[in-house]
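K.L.:
Have a look at this one.
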Number of protein chains: 4
Amino acid sequence: MCRWMAYSGPPIYLDTVLFEAKNSLVEQSLNARWSHVVTNGDGFGIGWHGERGKPGLYRDVLPAWNDENLREVSEQVKSGLFFAHVRAATGESATARQNCHPFRHGGWMFMHNGAIADFPLLRRELDLAIPEALYRHKKGTTDSETIFYLLIANGLADDPAAAYAATVRQVEDTMSAHSVAGPFRFAAIATDGSRMIAIRYSSDDQSPTLFYGLGIGGKDQSVMIMSEPSDEESGHWAEVPESSIVFAGEGALHIENFAHG
Amino acid sequence: MCRWMAYSGPPIYLDTVLFEAKNSLVEQSLNARWSHVVTNGDGFGIGWHGERGKPGLYRDVLPAWNDENLREVSEQVKSGLFFAHVRAATGESATARQNCHPFRHGGWMFMHNGAIADFPLLRRELDLAIPEALYRHKKGTTDSETIFYLLIANGLADDPAAAYAATVRQVEDTMSAHSVAGPFRFAAIATDGSRMIAIRYSSDDQSPTLFYGLGIGGKDQSVMIMSEPSDEESGHWAEVPESSIVFAGEGALHIENFAHG
Amino acid sequence: MCRWMAYSGPPIYLDTVLFEAKNSLVEQSLNARWSHVVTNGDGFGIGWHGERGKPGLYRDVLPAWNDENLREVSEQVKSGLFFAHVRAATGESATARQNCHPFRHGGWMFMHNGAIADFPLLRRELDLAIPEALYRHKKGTTDSETIFYLLIANGLADDPAAAYAATVRQVEDTMSAHSVAGPFRFAAIATDGSRMIAIRYSSDDQSPTLFYGLGIGGKDQSVMIMSEPSDEESGHWAEVPESSIVFAGEGALHIENFAHG
Amino acid sequence: MCRWMAYSGPPIYLDTVLFEAKNSLVEQSLNARWSHVVTNGDGFGIGWHGERGKPGLYRDVLPAWNDENLREVSEQVKSGLFFAHVRAATGESATARQNCHPFRHGGWMFMHNGAIADFPLLRRELDLAIPEALYRHKKGTTDSETIFYLLIANGLADDPAAAYAATVRQVEDTMSAHSVAGPFRFAAIATDGSRMIAIRYSSDDQSPTLFYGLGIGGKDQSVMIMSEPSDEESGHWAEVPESSIVFAGEGALHIENFAHG
């Protein structure tokens, strides 16, 4: 399993959350507390919105705790909306920058913790469901990147909740058609630079962990969504319920039941 | 453009050809003489048959001249049949180990110098032509890897010449269907560990360079096929003609006209 | 030989100079025009002052033209004073992040194009001349990093011109003592975040090239010092004379003869 | 703490011990059982004697479990004497290939698990103790590499036990002189390609773990020395006592008390 975190609020230096917190994401990459996979050392990535239209994206295959460039960039870059992810590779996908999260396309970024069971068996059919205009931009071979392009094809920009629903149905129908019983685990988040839309869902109701926090670190108007709380003692964290979609941005957060029919 | 070399003959240490020759492959990666792209510094790879059934494969994104590990492995490994490739990335494919040649599947290895024009436009359709059982093994996003899987699907193991012909037709039909005029350049080679089958072809008769040599370096029974001769003074090299297929192995070499209908 | 550039002036995005100019530093890394070593693909580094006291430092062993992370960071980071360097490794020093420029210590950064002849022979004696309090921070094995620590020990923070003079004397005395005739080539620059002090000197008056430009790219109050002009048509560039020290900052530039006795 | 293994005996494929054993070295890099530092993901290295005089050396900064090239090389390379090491970086030394073990000089290779306390404080004095002819070859900045060059300077090739004794005294005298109380932990091994000489020692009698095994995996005449047994159920392992030197080779092993006066 992977670990990720998302922040929206007043611009802060990335290292505040990536390195400094007690259970920071980088600390989690070495000693994840809430997961049976203790080490997430198969690559990491950060994506952040600055003052240019397009978000910056920095991904590498080194373990997060080991990359001095990640620390340097985090110390110097301030952002009011950013994503970070550490990867524990599952299945077939090679450890390569192109297979690290977040993924970016158009104005969107996306990260995922979880997996589609037996993805190698389903990969061609799901990739085929991606329209040509998007398929040509796919740079890696993970189930997560495929899901991202399906979300975009399914109208992520227009109605994110509907896009998540359609994509989950698409994935589960394909699993069915190939008699894949094993679960589809989906703790993920997308952003267009102003709002973030996260989902916590799995086909067997055993989703990866997901928490949200408001006003963490004394920052009013800040919202964080993370696989594990970065600072448990603070008491500002709550678990995102199973089968939920979370809309976050501008200091507020709104949770809905995830209906996917 | 890339540069590659293939050797078949009495086992020799890989560094003999990779590093020591006057115009060795690594020298070419820095100063390619026969190409308008002077530097091939976007990754390299070697694949070699030893005593285990499956060939070894070592690929990295560092420039070949810069990787001490490549030199160390080359100094210690002896092989009677090996491939080596240095890459100058063209088009969309990221520099990543999975996008470096040679590619390996089942008992086969494959390398390519050249490109399918406008591949991003054609990529989905060509990938779709790969049967599911092979598609799931594709690890990168290059036109070369797609061509490799099409060759396998088209019967490379049974009749390599026919597989090359069918694959070229498939690629050119797809180019036509999408009104892509630009050329398909194809100087490539495949091996199953005993014979090597190379092709020099392009849709506009301007194929990348390809040479063959027999008995190079005093090794009777040795055959080399290379983008550029590794040692021009020796006089043992001849150019592979346009539109040819070359069968090589066991010290002999046989050239046929490439008929693809 | 390496290539470097330094900028001081109104904050600009790093990619303006690193990537966009006609003869940008990254373009130079592939096709250096003014040097007999055409390719500078043995690593690169950037150091930039932002809003935190300490400058950020990003260095990697990939060729500059090949690193998407460098491009991403350059597109998002703005700075009013930054350094960038592409390396063509000479001599014994391995290609490693720790051997890439710029080097950073305390509030200073330093880059160098050139070399101390026969450095392996002189290395221990010159390293020994570094006081213990500084020696413990040395992370690599290049002559450039050793020179940097000698400059600091020789009072770079108090009187840069005197520090350059003392260091050059120290290096040349050591060369003499070991009967090393070959040249000491020294086109280098240091900065404390507000001013930059460059030197163009060699023991045989054949220094590596060095140019300066004022108001480049329409930015009043900007000063650039570079191994090669990034934009030759603009006519704003002049060569730094042999045996000179250049003081630059706040839109102005002052050149002195380099007296090292 | 790091983990290492050494093998001497009939040539075997490296992957037999690196990957296949129940508690293989690569497994240990992910889940070291006998150490409080669970993950050894800061680089790895292998050194092996083949048929060329000089041993091959392959080191990289990727975690061992993550490097497909390591697996490929291990599957193809056979050796009758090889070293392998996975690193958990302690202290100041950067993660770089040059700081990974084993180190190699002349006909010798060396690996170390442990550390010299407060090495940054002692580094210059200990480096200074290395004669110039050896100092110039030092490529990194670890205490381990410095110890290796001191061993060579102290006559490792002539009398390994005496060299270990002299080096330990040298290190401890330097610690004393700088009032460093903290321990010197030293579980290390050197080889000249025919015999291996290991040491298990620490100034506070709390050495890192070290085990030896004879005839492991059914290979008569084989000797293995490892930080942790690779296969605990086999019952062929015994602990190397504190303050011991182990001489191994040609299927036999001889343990002496380590006297360092």
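Residue numbers start at 1 in each chain; chains themselves are named A, B, ... in the order of the structure tokens; ligands are numbered from 1 in the order shown.
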Give the residues of chain A that lie within 7 Å of chain B; count only C-alpha atoms, and format the answer as a PyMOL selection string.
P.N.:
chain A and resi 96+120-121+123-124+132+135-136+139-141
K.L.:
The selected residues should be written to file as a PDB file, in the first residue's frame (atoms: N, CA and C atoms).
P.N.:
```pdb
ATOM      1  N   ALA A  96       9.498   3.235 -11.632  1.00  0.00           N
ATOM      2  CA  ALA A  96      10.012   4.208 -12.595  1.00  0.00           C
ATOM      3  C   ALA A  96       9.306   5.524 -12.296  1.00  0.00           C
ATOM      4  N   PRO A 120      -3.142  -7.057 -14.260  1.00  0.00           N
ATOM      5  CA  PRO A 120      -2.548  -7.510 -15.528  1.00  0.00           C
ATOM      6  C   PRO A 120      -3.573  -8.176 -16.449  1.00  0.00           C
ATOM      7  N   LEU A 121      -4.500  -8.895 -15.870  1.00  0.00           N
ATOM      8  CA  LEU A 121      -5.534  -9.585 -16.642  1.00  0.00           C
ATOM      9  C   LEU A 121      -6.537  -8.595 -17.249  1.00  0.00           C
ATOM     10  N   ARG A 123      -5.868  -5.222 -17.721  1.00  0.00           N
ATOM     11  CA  ARG A 123      -5.171  -4.000 -18.153  1.00  0.00           C
ATOM     12  C   ARG A 123      -5.511  -3.591 -19.574  1.00  0.00           C
ATOM     13  N   ARG A 124      -5.476  -4.523 -20.495  1.00  0.00           N
ATOM     14  CA  ARG A 124      -5.706  -4.166 -21.888  1.00  0.00           C
ATOM     15  C   ARG A 124      -7.129  -3.648 -22.080  1.00  0.00           C
ATOM     16  N   GLU A 132      -8.686   7.695 -27.532  1.00  0.00           N
ATOM     17  CA  GLU A 132      -7.378   7.897 -28.156  1.00  0.00           C
ATOM     18  C   GLU A 132      -6.716   9.210 -27.751  1.00  0.00           C
ATOM     19  N   TYR A 135      -5.327   8.466 -24.380  1.00  0.00           N
ATOM     20  CA  TYR A 135      -4.429   7.302 -24.355  1.00  0.00           C
ATOM     21  C   TYR A 135      -3.010   7.678 -24.754  1.00  0.00           C
ATOM     22  N   ARG A 136      -2.880   8.549 -25.711  1.00  0.00           N
ATOM     23  CA  ARG A 136      -1.551   8.880 -26.221  1.00  0.00           C
ATOM     24  C   ARG A 136      -0.667   9.582 -25.193  1.00  0.00           C
ATOM     25  N   LYS A 139       1.877   7.614 -19.752  1.00  0.00           N
ATOM     26  CA  LYS A 139       3.322   7.440 -19.764  1.00  0.00           C
ATOM     27  C   LYS A 139       3.798   6.191 -19.021  1.00  0.00           C
ATOM     28  N   GLY A 140       2.926   5.585 -18.245  1.00  0.00           N
ATOM     29  CA  GLY A 140       3.359   4.436 -17.462  1.00  0.00           C
ATOM     30  C   GLY A 140       2.420   3.271 -17.647  1.00  0.00           C
ATOM     31  N   THR A 141       2.442   2.348 -16.685  1.00  0.00           N
ATOM     32  CA  THR A 141       1.667   1.109 -16.810  1.00  0.00           C
ATOM     33  C   THR A 141       0.913   0.732 -15.543  1.00  0.00           C
TER      34      THR A 141
END
```
K.L.:
Using DSSP assignments from the backbone, pull out every residue in segment 71-114 of chain C that falls under helix (DSSP H, G or I) and give it to me as a ChimeraX atom specification.
P.N.:
/C:71-76,97-99
K.L.:
So which bits of segment 22-256 of chain D end up strand (DSSP E) when you DSSP the backbone, as a VMD selection string?
P.N.:
chain D and resid 44 to 49 56 to 60 78 to 86 103 to 105 108 to 113 185 to 191 196 to 202 211 to 214 223 to 226 237 to 239 244 to 249 252 to 256
K.L.:
Need to verify the contact set: segment 224-226 of chain B, 9 Å, only C-alpha atoms, exclusion of same-chain residues closer than 3 positions in sequence. Can you return it as a PyMOL selection string?
P.N.:
chain B and resi 3-9+25+189+198+209-216+229-230+240+248
K.L.:
Between atom CA of Leu30 of chain A and atom CA of Val17 of chain D, what is the spacing in Å?
P.N.:
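Here the two named atoms are 25.5 Å from each other.
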K.L.:
Looking at C:Val26, C:Val180, C:Leu62, C:Ile197, which one is nearest to Glu228 of chain C, with distances taken over only C-alpha atoms?
P.N.:
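Ranked by minimum distance to Glu228 of chain C, first place goes to C:Val26.
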